[in-house]
Amino acid sequence: MRQNRTAALFALQLLIVLAFATAARAQGVIVPRPRPCPDCPVRQLPRALPIKSIKIDTKIAQQVATTHVEQVFRNDTDVVLEGTYFFPVPESASVSEFAIWDGNRRLVGEVRSREEARRIYDEIVRRQRDPGLLEYAGKDLFQASIFPIPAHSDKKLELTYTQVLRAESGTVSYRYPLGTGHNLTSIGQVSGSVEIEGREPIRNVYSPSHAVDLTRRGDERRARVSFESQAGRDPQDFQLSYSLSGEDFGMSLLTHREPGRDGYFLLMISPKDNWAETEYAAKDIVFVLDTSGSMAEAGKMEKARAALLFGIRTLRENDRFNVVSFAGEERLMEGGLMQADARGRQRGAEFVEQLRANGGTNINGALLAALRQFDGGANDRPKMLVFMTDGLPTVGETNAQRIVENARHQKREGVRLFTFGVGYDVNTVLLDKLAAENGGTSDYVEPKEDLEVKVSNFFAKVNYPVLTDLGLDWGGVEADLVYPRRTPDLFRGTQVTLIGRYRNASDLRNVRLRLSGKTGREARSFAYENLRFPLNSDDNDFLPRLWATRRVGWLMEQIRTNGDQKELRDEIVDLGTRYGIVTPYTSYLALEANASADQVMQIAPGTGGVRRSRAGGATNARQAADLNAPPPAATPIPMPVQQSATAPMNAPKVSGAGAVRESVSVTKMKDAERADTEGRSTAVRNVGGKTFYLREGEVWTDAEFKADAKLAETSVAFGTDAYFDLLKREPKLANYFALGERVVVVFKGRVYRVTSK
């Protein structure tokens, strides 16, 4: 009887309503309240129940996405709670099922009404006086009353909704609202999978928000994407895009532009999966291996030999190759390039297996000998030089600048130079500059990494070139500062990602871009129609920061390889400050909640961390009472700190562990496909394409705010009628105001300032 009564009560409490407004950008939460009990003591409750885990399972078929989400909430209080569940459903989506688990029983609810959710939400926002709830303002809200939520227990909810995904410029985009709810509560383990099925082959699968695992099962029209996020990491919305194309090379385009500003774009090009052997370009490749005495240490020689054998054995019949080993002097396998037929590959394997480590390191001699192998003829072939070394130049020419100059004089047209530094005792500036000036890339194998695996993976990628010497005709688009600066070649299973700005004064529709390149001797051209570069687009607001990350990486490379220049340094500081990017030229100051500015300690540039000078108290009364809040800690107040305008920062490191990591970091920024926030201060937030810093007085301040700009200003007190009236007039401000009770934001050419009541 009691069980039946509980079930009946549970069903009675399961009132589910929907409200309709604009697109969603937040996570589902439960706002708790105690059961009515006149004789019970007053208890402090968390702002929202912690989310223990989230599991997302999405299926996309012909642009119709069905998302099933399972959320597990935790009640860590000593009392039974009831709560109001809010979930922001994407615009035009329809909820097909909602279920609540009561122990081992799954109870399915029924969608009944619509307007009530908005009224309930507005009442809670005004009563709670919690800016975090503003993340749900102006959303298509799904709302449910949840009871009971037993003390010290989990509560599992399931929601399924269906939506039709838009295709803009041929690119389909999907978004799940993981990110903004973290202003209200903590979010634990997150996992998700997306299965895509299309009528045409699926290309350019890309996530700007998460590192994803892409798997295919032999069918180009099907793909599965999965991801995981560990608890404790700052969550952000999961975003995924892809295109459909039956052409040899598919293209997808993403754009973002604020009114009156430059636009930003991301252009991806990827080849089909299935190629006939005759479609690959025959290539010339020279392998150069350092065999100096230091290569005998830690098994480096054995692993380098195994990687080189892999590279030789996977060459194709029409390729040509040679091997150059060097220590005190260079030694060539053959006097010229050799055909990679069965006999040639056997000769290469025998040569490599006989290599032994001894002697010094003559980088200059080996490099020039390798470049001379490319005779300047056979221009229809891709040309690659792979250079592996574990040491500094000690024999012959040892001056790094003169080695670079010698390579310039010996340069062969079309040769791409790829350098691998093994260990820490290498000249990173030399290897980086050689690669940069010769159309290749530099990479490093740290002691903890497996040299054989890393180099073999590189060989496996470059063994199948499908389009080289790429060029783009932008069709009237004023593209500017596109990265990478030189478009790399395309290999089977890879894709090229270009990120840049555009400055057209009008809305461009039906743009026609043309991609050109070569497959062996054959020049090829591909046209892509009906692309759009708009004057105004709110989508893809991650693009400005992603572009800035690549720009900073390129500027850092210029400083590392060409020396420090004030103009470059100033631009790095400006971009790092404006977009919250951790750079060696930007540091932060951390101020305790109860400390004064003279008690501040400066953070070492490039660490991205915040050091506290002493233990601080809770930020405010709500945090002190909040069961979700972390233990009392310092409130970091980041302020960009740059060096003297005339004094350069520390010179780039040349060799050692620090130099290798610095080079790897710069390369990671240059090639960034996600705007990473790892290593950044917790007092820096990116919201809606803007960067905010927690300044003195605990004010979240827009990086664009300049006191001397003299912009018109509107000031409102948090939680007042004027505050809510402003949000009704300008609903986009809710995303920024959700940061806290004190906010300064520049919006539509005006400063909006929220002050504590």
# chains A, B, ... in the order shown; residues from 1 in each chain; ligands from 1
$ select_by_dssp --residues "segment 273-304 of chain A" --states "strand (DSSP E)" --output "list in words"
Asp284, Ile285, Val286, Phe287, Val288, Leu289 and Asp290 of chain A
$ residues_around --residues "segment 663-671 of chain A" --least-positions-apart "3" --cutoff "6 Å" --atoms "only C-alpha atoms" --output "PyMOL selection string"
chain A and resi 549-550+553-554+660
$ residues_around --residues "segment 477-489 of chain A" --least-positions-apart "4" --cutoff "6 Å" --atoms "only C-alpha atoms" --output "MDAnalysis selection string"
chainID A and resid 468 498:504
$ write_last_selection --atoms "C-alpha atoms" --output "mmCIF file, in the first residue's frame"
data_model
loop_
_atom_site.group_PDB
_atom_site.id
_atom_site.type_symbol
_atom_site.label_atom_id
_atom_site.label_comp_id
_atom_site.auth_asym_id
_atom_site.auth_seq_id
_atom_site.Cartn_x
_atom_site.Cartn_y
_atom_site.Cartn_z
ATOM 1 C CA THR A 468 49.934 18.721 -53.867
ATOM 2 C CA LEU A 498 42.354 26.971 -42.990
ATOM 3 C CA ILE A 499 41.341 29.707 -40.544
ATOM 4 C CA GLY A 500 41.309 33.375 -41.509
ATOM 5 C CA ARG A 501 39.492 36.696 -41.605
ATOM 6 C CA TYR A 502 37.379 38.298 -44.329
ATOM 7 C CA ARG A 503 36.565 41.995 -44.805
ATOM 8 C CA ASN A 504 33.926 42.344 -47.497
#
$ residues_around --residues "segment 53-60 of chain A" --least-positions-apart "3" --cutoff "8 Å" --atoms "only C-alpha atoms" --output "PyMOL selection string"
chain A and resi 63-73+187-197
$ closest_residue --among "A:Val582, A:Val386, A:Leu531, A:Val466" --to "Glu168 of chain A" --atoms "only C-alpha atoms"
A:Leu531
$ closest_residue --among "A:Arg661, A:His210, A:Lys283, A:Arg532" --to "Tyr176 of chain A" --atoms "only C-alpha atoms"
A:His210
$ residues_around --residues "segment 216-221 of chain A" --least-positions-apart "5" --cutoff "8 Å" --atoms "only C-alpha atoms" --output "list in words"
Ile196, Glu197, Gly198, Arg199, Glu200, Pro201, Ile202 and Asp273 of chain A
$ residues_around --residues "Val29 of chain A" --least-positions-apart "4" --cutoff "9 Å" --atoms "only C-alpha atoms" --output "PyMOL selection string"
chain A and resi 48-51+73+84-87+181+184-185
$ write_last_selection --atoms "N, CA, C and O atoms" --output "compact mmCIF listing (two decimals), in the first residue's frame"
# COMPACT_ATOMS: atom_id res chain seq x y z
N ALA A 48 22.02 24.62 -7.07
CA ALA A 48 21.49 23.59 -7.97
C ALA A 48 22.18 22.29 -7.59
O ALA A 48 23.30 22.30 -7.08
N LEU A 49 21.53 21.18 -7.81
CA LEU A 49 22.12 19.90 -7.45
C LEU A 49 23.32 19.59 -8.35
O LEU A 49 23.27 19.82 -9.56
N PRO A 50 24.40 19.08 -7.77
CA PRO A 50 25.55 18.70 -8.59
C PRO A 50 25.16 17.64 -9.62
O PRO A 50 24.33 16.77 -9.34
N ILE A 51 25.74 17.74 -10.80
CA ILE A 51 25.51 16.74 -11.85
C ILE A 51 26.65 15.74 -11.78
O ILE A 51 27.81 16.06 -12.07
N PHE A 73 21.92 13.23 -11.06
CA PHE A 73 22.12 14.30 -10.09
C PHE A 73 22.38 13.70 -8.71
O PHE A 73 22.00 12.57 -8.43
N THR A 84 12.91 21.77 -9.16
CA THR A 84 12.40 22.11 -10.49
C THR A 84 13.52 21.88 -11.49
O THR A 84 14.62 22.42 -11.34
N TYR A 85 13.23 21.05 -12.46
CA TYR A 85 14.21 20.69 -13.49
C TYR A 85 13.99 21.57 -14.71
O TYR A 85 12.88 21.69 -15.22
N PHE A 86 15.07 22.20 -15.17
CA PHE A 86 15.03 23.00 -16.39
C PHE A 86 16.02 22.41 -17.39
O PHE A 86 17.17 22.12 -17.06
N PHE A 87 15.56 22.24 -18.62
CA PHE A 87 16.46 21.83 -19.70
C PHE A 87 16.18 22.70 -20.91
O PHE A 87 15.04 22.81 -21.36
N GLY A 181 25.94 25.78 -17.94
CA GLY A 181 25.38 25.45 -16.63
C GLY A 181 26.40 25.37 -15.52
O GLY A 181 26.03 25.30 -14.35
N LEU A 184 26.21 27.50 -12.40
CA LEU A 184 25.26 27.15 -11.34
C LEU A 184 25.74 25.98 -10.49
O LEU A 184 25.52 25.96 -9.29
N THR A 185 26.36 25.00 -11.11
CA THR A 185 26.67 23.78 -10.38
C THR A 185 27.87 23.09 -10.99
O THR A 185 28.33 23.44 -12.08
$ residues_around --residues "segment 242-259 of chain A" --least-positions-apart "4" --cutoff "6 Å" --atoms "only C-alpha atoms" --output "list in words"
Thr171, Val172, Glu200, Pro201, Ile202, Arg203, Asn204, Val205, Gly263, Tyr264, Phe265, Leu266, Leu267, Met268, Ile269, Ser270, Pro271, Lys272, Asn536, Ser537, Asp539 and Asn540 of chain A
$ write_last_selection --atoms "C-alpha atoms" --output "PDB file, in the first residue's frame"
ATOM      1  CA  THR A 171      28.077  22.304 -43.649  1.00  0.00           C
ATOM      2  CA  VAL A 172      25.781  20.575 -41.147  1.00  0.00           C
ATOM      3  CA  GLU A 200      26.472  10.932 -49.664  1.00  0.00           C
ATOM      4  CA  PRO A 201      29.948  10.292 -48.202  1.00  0.00           C
ATOM      5  CA  ILE A 202      30.561  12.099 -44.911  1.00  0.00           C
ATOM      6  CA  ARG A 203      33.524  14.516 -44.984  1.00  0.00           C
ATOM      7  CA  ASN A 204      35.283  17.092 -42.810  1.00  0.00           C
ATOM      8  CA  VAL A 205      34.041  15.797 -39.462  1.00  0.00           C
ATOM      9  CA  GLY A 263      34.473  38.283 -40.211  1.00  0.00           C
ATOM     10  CA  TYR A 264      36.166  34.976 -39.426  1.00  0.00           C
ATOM     11  CA  PHE A 265      35.997  31.698 -41.307  1.00  0.00           C
ATOM     12  CA  LEU A 266      37.135  28.100 -41.028  1.00  0.00           C
ATOM     13  CA  LEU A 267      37.516  26.187 -44.282  1.00  0.00           C
ATOM     14  CA  MET A 268      38.139  22.444 -44.289  1.00  0.00           C
ATOM     15  CA  ILE A 269      39.168  20.294 -47.258  1.00  0.00           C
ATOM     16  CA  SER A 270      39.343  16.512 -47.077  1.00  0.00           C
ATOM     17  CA  PRO A 271      39.845  13.798 -49.699  1.00  0.00           C
ATOM     18  CA  LYS A 272      37.684  10.763 -50.285  1.00  0.00           C
ATOM     19  CA  ASN A 536      26.388  39.293 -39.662  1.00  0.00           C
ATOM     20  CA  SER A 537      26.401  35.767 -38.211  1.00  0.00           C
ATOM     21  CA  ASP A 539      26.973  31.195 -35.148  1.00  0.00           C
ATOM     22  CA  ASN A 540      30.445  29.763 -34.477  1.00  0.00           C
TER      23      ASN A 540
END
$ closest_residue --among "A:Leu165, A:Val455, A:Ile149, A:Leu315" --to "Gly103 of chain A" --atoms "only C-alpha atoms"
A:Ile149
$ select_by_dssp --residues "segment 201-325 of chain A" --states "helix (DSSP H, G or I)" --output "PyMOL selection string"
chain A and resi 277-279+293-313
